[in-house]
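In what follows, a single structure is set out as structure tokens and then discussed.
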Amino acid sequence: MDKKRIRNDLILLASILLAALAAWGVLKLAQRPGKYVVVEIDGKTSAVYPLDTDLRLDIKTEGGHVNTLVISEGRAYVESADCPDKLCVKQRAISRTGETVICLPHKLVIRIAGEGGVDTVS
Amino acid sequence: MKRNTKLLAVLGVSTAAAMILSYLETLIPMNFAVPGVKIGLANLVTLFLLIKIDWKSAAAVTAVRVLLSSLLFGSFTSLAYSLAGAVLSLAVMGLLKKTERFTALGISIAGAVSHNAGQVIMAVILLSTKEIAYWLPVLIVTGTVTGLAVGAVGALLVKKIDLKL
Ligand SMILES: [Zn+2]
């Protein structure tokens with residue numbers, strides 16, 4: 001009985017990992033080179049910048065908080081921020097559609113939009 | 001002692017243990033870029049109660065732990081994320097337990113993965129950005145690892161501790 005349950009555990013584990021791999025594959029295949037950097041605060045688009053123009057600016061978020069966005073050599077990232085976890089600073093620079101840099105404490109999402117413009121991805 | 005009194009005592013001690021584990025977890029720096037990567041130490045208590053007593057006890061202690069630890073070490077936002085994770089993982093672990101076809105390890109892994117999935121779903125809702133789904137593969141994999149570790153300890157506790165309820 002217990003052998004059977006351990007076998008079930010392994011099947012479960014394998015299915016979960018396969019699902020992760022499949023999800024990763026689908027998401028990767030859907031990616032295209034990006035055109036725009038879209039800044040969203042609390043679910044609303046607050047600014048859009050071209051990905052091919054270098055830029056450094058402070059994004060003001062809720063309660064006077066700041067995330068410093070840098071666009072350089074076709075990639076966008078958060079250089080510094082005053083959020084408690086600093087996870088947005090640690091996230092990788094983004095350049096392809098669907099990629100994001102997210103600061104949960106500041107409800108800030110920076111994402112890449114593609115050729116079709118900005119409104120295609122809501 | 002009467003069964004009810006003893007059960008109440010066990011649940012009280014379990015809640016305290018879960019709170020301590022939640023607190024310990026806040027002390028461990030997790031240097032991952034993806035938010036939501038956690039060990040889920042407190043899930044040890046949920047898992048133990050689920051297997052040793054019943055789903056109701058596990059759910060009650062988990063609810064109190066999530067509310068209290070968000071109040072003490074978190075914020076309203078962290079409460080929303082914790083709740084989403086806890087509800088989904090409790091549901092999944094309860095279902096798997098009911099089938100009687102998985103060991104504590106399997107239940108724990110599924111619980112950790114669904115906990116992370118619940119948090120991603122909540123992030124998609126709160127930030128209305130479906131791109132957050134890109135974190136899902138990473139969080140599924142980290143969930144299996146942490147779930148395995150917590151499940152291994154949980155299985156040991158289930159074996160060693162005799163509640164005699
Ligand atoms: Zn941040």
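Starting from 1 in every chain, residues are counted up; chains themselves are A, B, ... following the order of the structure tokens, and ligands are numbered from 1 as listed.
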request  = Identify, with DSSP run on backbone atoms, the residues in chain A assigned to alpha helix (DSSP H), and express the list as a VMD selection string.
outcome  = chain A and resid 2 to 29 87 to 90
**Request:** At a cut-off of 6 Å, list the chain B residues touching chain A, using only C-alpha atoms, as a VMD selection string.
**Result:** chain B and resid 33 101 to 103 106 127 to 128 131 137
Open item on the list: Quick one: residues within 7 Å of Tyr49 in chain A, only C-alpha atoms, excluding same-chain residues fewer than 6 positions away - as a PyMOL selection string?
Closed with: chain A and resi 36-38
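Residues surrounding Asn67 in chain A within 7 Å are Asp58, Ile59, Lys60, Val78, Ser80, Ala81 and Asp82 of chain A [only C-alpha atoms; sequence separation below 5 positions excluded].
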What would the file look like if the residues just selected were written as an mmCIF file, in the first residue's frame with C-alpha atoms?
```cif
data_model
loop_
_atom_site.group_PDB
_atom_site.id
_atom_site.type_symbol
_atom_site.label_atom_id
_atom_site.label_comp_id
_atom_site.auth_asym_id
_atom_site.auth_seq_id
_atom_site.Cartn_x
_atom_site.Cartn_y
_atom_site.Cartn_z
ATOM 1 C CA ASP A 58 12.277 58.450 -11.392
ATOM 2 C CA ILE A 59 8.830 56.903 -11.411
ATOM 3 C CA LYS A 60 6.701 58.352 -8.633
ATOM 4 C CA VAL A 78 14.859 49.281 -12.209
ATOM 5 C CA SER A 80 17.092 51.626 -7.525
ATOM 6 C CA ALA A 81 13.943 51.890 -5.416
ATOM 7 C CA ASP A 82 12.830 52.774 -1.917
#
```
Can you pull out every residue within 9 Å of range 141-157 of chain B, counting only C-alpha atoms, but drop anything in the same chain fewer than 2 positions away, and send it as a PyMOL selection string? (chain A and resi 13+16-17+20) or (chain B and resi 37-45+47-48+103-116+136-139+159-161)
All residues 9 Å or closer to Gly114 in chain A, only C-alpha atoms, same chain fewer than 4 positions away omitted, as a ChimeraX atom specification: /A:32-36,96-98,118,120
Which residues come within 12 Å of Ala60 in chain B, counting only C-alpha atoms, excluding same-chain residues fewer than 6 positions away, as a list in words?
->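 Here the answer would be Leu8, Leu11, Gly12, Ser14, Thr15, Ala18, Val45, Thr46, Leu49, Leu50, Ile53, Asp54, Val66, Leu67, Ala86, Val87 and Leu90 of chain B.
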Using all heavy atoms, can you export the residues from the last selection as a compact mmCIF listing (two decimals), in the first residue's frame?
```txt
# COMPACT_ATOMS: atom_id res chain seq x y z
N LEU B 8 -8.44 21.10 21.75
CA LEU B 8 -8.27 22.55 21.86
C LEU B 8 -6.83 22.90 22.25
O LEU B 8 -6.24 23.83 21.69
CB LEU B 8 -9.25 23.10 22.91
CG LEU B 8 -9.80 24.49 22.62
CD1 LEU B 8 -10.56 24.50 21.30
CD2 LEU B 8 -10.72 24.94 23.76
N LEU B 11 -4.57 22.36 19.27
CA LEU B 11 -4.72 23.42 18.27
C LEU B 11 -4.06 24.71 18.74
O LEU B 11 -3.47 25.44 17.95
CB LEU B 11 -6.21 23.66 17.96
CG LEU B 11 -6.93 22.49 17.29
CD1 LEU B 11 -8.32 22.91 16.83
CD2 LEU B 11 -6.13 21.94 16.11
N GLY B 12 -4.16 24.99 20.05
CA GLY B 12 -3.51 26.18 20.59
C GLY B 12 -2.01 26.12 20.43
O GLY B 12 -1.38 27.07 19.93
N SER B 14 -0.39 24.28 18.35
CA SER B 14 -0.09 24.30 16.92
C SER B 14 -0.10 25.71 16.36
O SER B 14 0.77 26.08 15.56
CB SER B 14 -1.14 23.48 16.15
OG SER B 14 -1.16 22.17 16.62
N THR B 15 -1.08 26.51 16.80
CA THR B 15 -1.14 27.90 16.34
C THR B 15 0.11 28.66 16.76
O THR B 15 0.71 29.39 15.96
CB THR B 15 -2.39 28.62 16.90
OG1 THR B 15 -3.54 27.80 16.64
CG2 THR B 15 -2.57 29.97 16.27
N ALA B 18 2.96 27.54 14.63
CA ALA B 18 2.84 28.10 13.28
C ALA B 18 3.27 29.57 13.26
O ALA B 18 3.92 30.02 12.31
CB ALA B 18 1.41 27.96 12.78
N VAL B 45 2.93 22.87 10.00
CA VAL B 45 1.87 22.70 11.00
C VAL B 45 0.56 22.31 10.31
O VAL B 45 -0.14 21.39 10.75
CB VAL B 45 1.69 24.01 11.81
CG1 VAL B 45 0.52 23.88 12.76
CG2 VAL B 45 2.97 24.33 12.58
N THR B 46 0.25 23.00 9.22
CA THR B 46 -0.97 22.69 8.47
C THR B 46 -0.96 21.23 8.01
O THR B 46 -1.94 20.50 8.17
CB THR B 46 -1.08 23.61 7.24
OG1 THR B 46 -0.92 24.97 7.66
CG2 THR B 46 -2.42 23.45 6.56
N LEU B 49 -1.42 18.76 11.00
CA LEU B 49 -2.81 18.71 11.50
C LEU B 49 -3.72 18.01 10.51
O LEU B 49 -4.59 17.23 10.90
CB LEU B 49 -3.32 20.12 11.79
CG LEU B 49 -2.63 20.86 12.94
CD1 LEU B 49 -3.15 22.28 13.03
CD2 LEU B 49 -2.86 20.12 14.25
N LEU B 50 -3.50 18.29 9.23
CA LEU B 50 -4.34 17.68 8.20
C LEU B 50 -4.23 16.16 8.23
O LEU B 50 -5.23 15.44 8.16
CB LEU B 50 -3.90 18.20 6.82
CG LEU B 50 -4.65 17.62 5.62
CD1 LEU B 50 -6.08 18.12 5.59
CD2 LEU B 50 -3.94 18.00 4.32
N ILE B 53 -5.06 15.01 12.41
CA ILE B 53 -6.40 15.22 12.95
C ILE B 53 -7.42 15.29 11.80
O ILE B 53 -7.94 14.27 11.39
CB ILE B 53 -6.47 16.49 13.82
CG1 ILE B 53 -5.36 16.43 14.90
CG2 ILE B 53 -7.84 16.58 14.52
CD1 ILE B 53 -5.27 17.65 15.76
N ASP B 54 -7.70 16.46 11.30
CA ASP B 54 -8.60 16.55 10.15
C ASP B 54 -8.44 17.89 9.43
O ASP B 54 -7.67 18.75 9.86
CB ASP B 54 -10.07 16.35 10.57
CG ASP B 54 -10.50 17.36 11.63
OD1 ASP B 54 -9.75 18.32 11.90
OD2 ASP B 54 -11.58 17.18 12.21
N VAL B 66 -2.51 32.95 9.39
CA VAL B 66 -2.41 33.90 8.28
C VAL B 66 -2.86 35.30 8.72
O VAL B 66 -2.18 36.29 8.46
CB VAL B 66 -3.25 33.42 7.08
CG1 VAL B 66 -3.45 34.54 6.07
CG2 VAL B 66 -2.57 32.22 6.41
N LEU B 67 -3.99 35.35 9.44
CA LEU B 67 -4.50 36.65 9.89
C LEU B 67 -3.53 37.31 10.85
O LEU B 67 -3.17 38.47 10.69
CB LEU B 67 -5.86 36.47 10.56
CG LEU B 67 -7.01 36.11 9.61
CD1 LEU B 67 -8.30 35.85 10.39
CD2 LEU B 67 -7.23 37.21 8.59
N ALA B 86 -3.00 30.34 0.93
CA ALA B 86 -3.45 29.40 1.96
C ALA B 86 -4.73 28.69 1.53
O ALA B 86 -4.86 27.47 1.69
CB ALA B 86 -3.66 30.14 3.28
N VAL B 87 -5.69 29.44 0.99
CA VAL B 87 -6.97 28.84 0.60
C VAL B 87 -6.77 27.77 -0.48
O VAL B 87 -7.26 26.65 -0.36
CB VAL B 87 -7.95 29.94 0.09
CG1 VAL B 87 -9.16 29.31 -0.59
CG2 VAL B 87 -8.40 30.81 1.25
N LEU B 90 -4.78 24.73 0.96
CA LEU B 90 -5.62 23.94 1.87
C LEU B 90 -6.59 23.07 1.08
O LEU B 90 -6.80 21.90 1.40
CB LEU B 90 -6.40 24.85 2.80
CG LEU B 90 -5.80 25.10 4.18
CD1 LEU B 90 -6.59 26.18 4.90
CD2 LEU B 90 -5.79 23.83 5.00
```
Here CA of Leu21 in chain B and CA of Phe73 in chain B stand apart by 12.2 Å
Rounded to one decimal in Å, what is the spacing between CA of Trp135 in chain B and CA of Glu115 in chain A?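 Computed distance, CA of Trp135 in chain B to CA of Glu115 in chain A, equals 23.3 Å.
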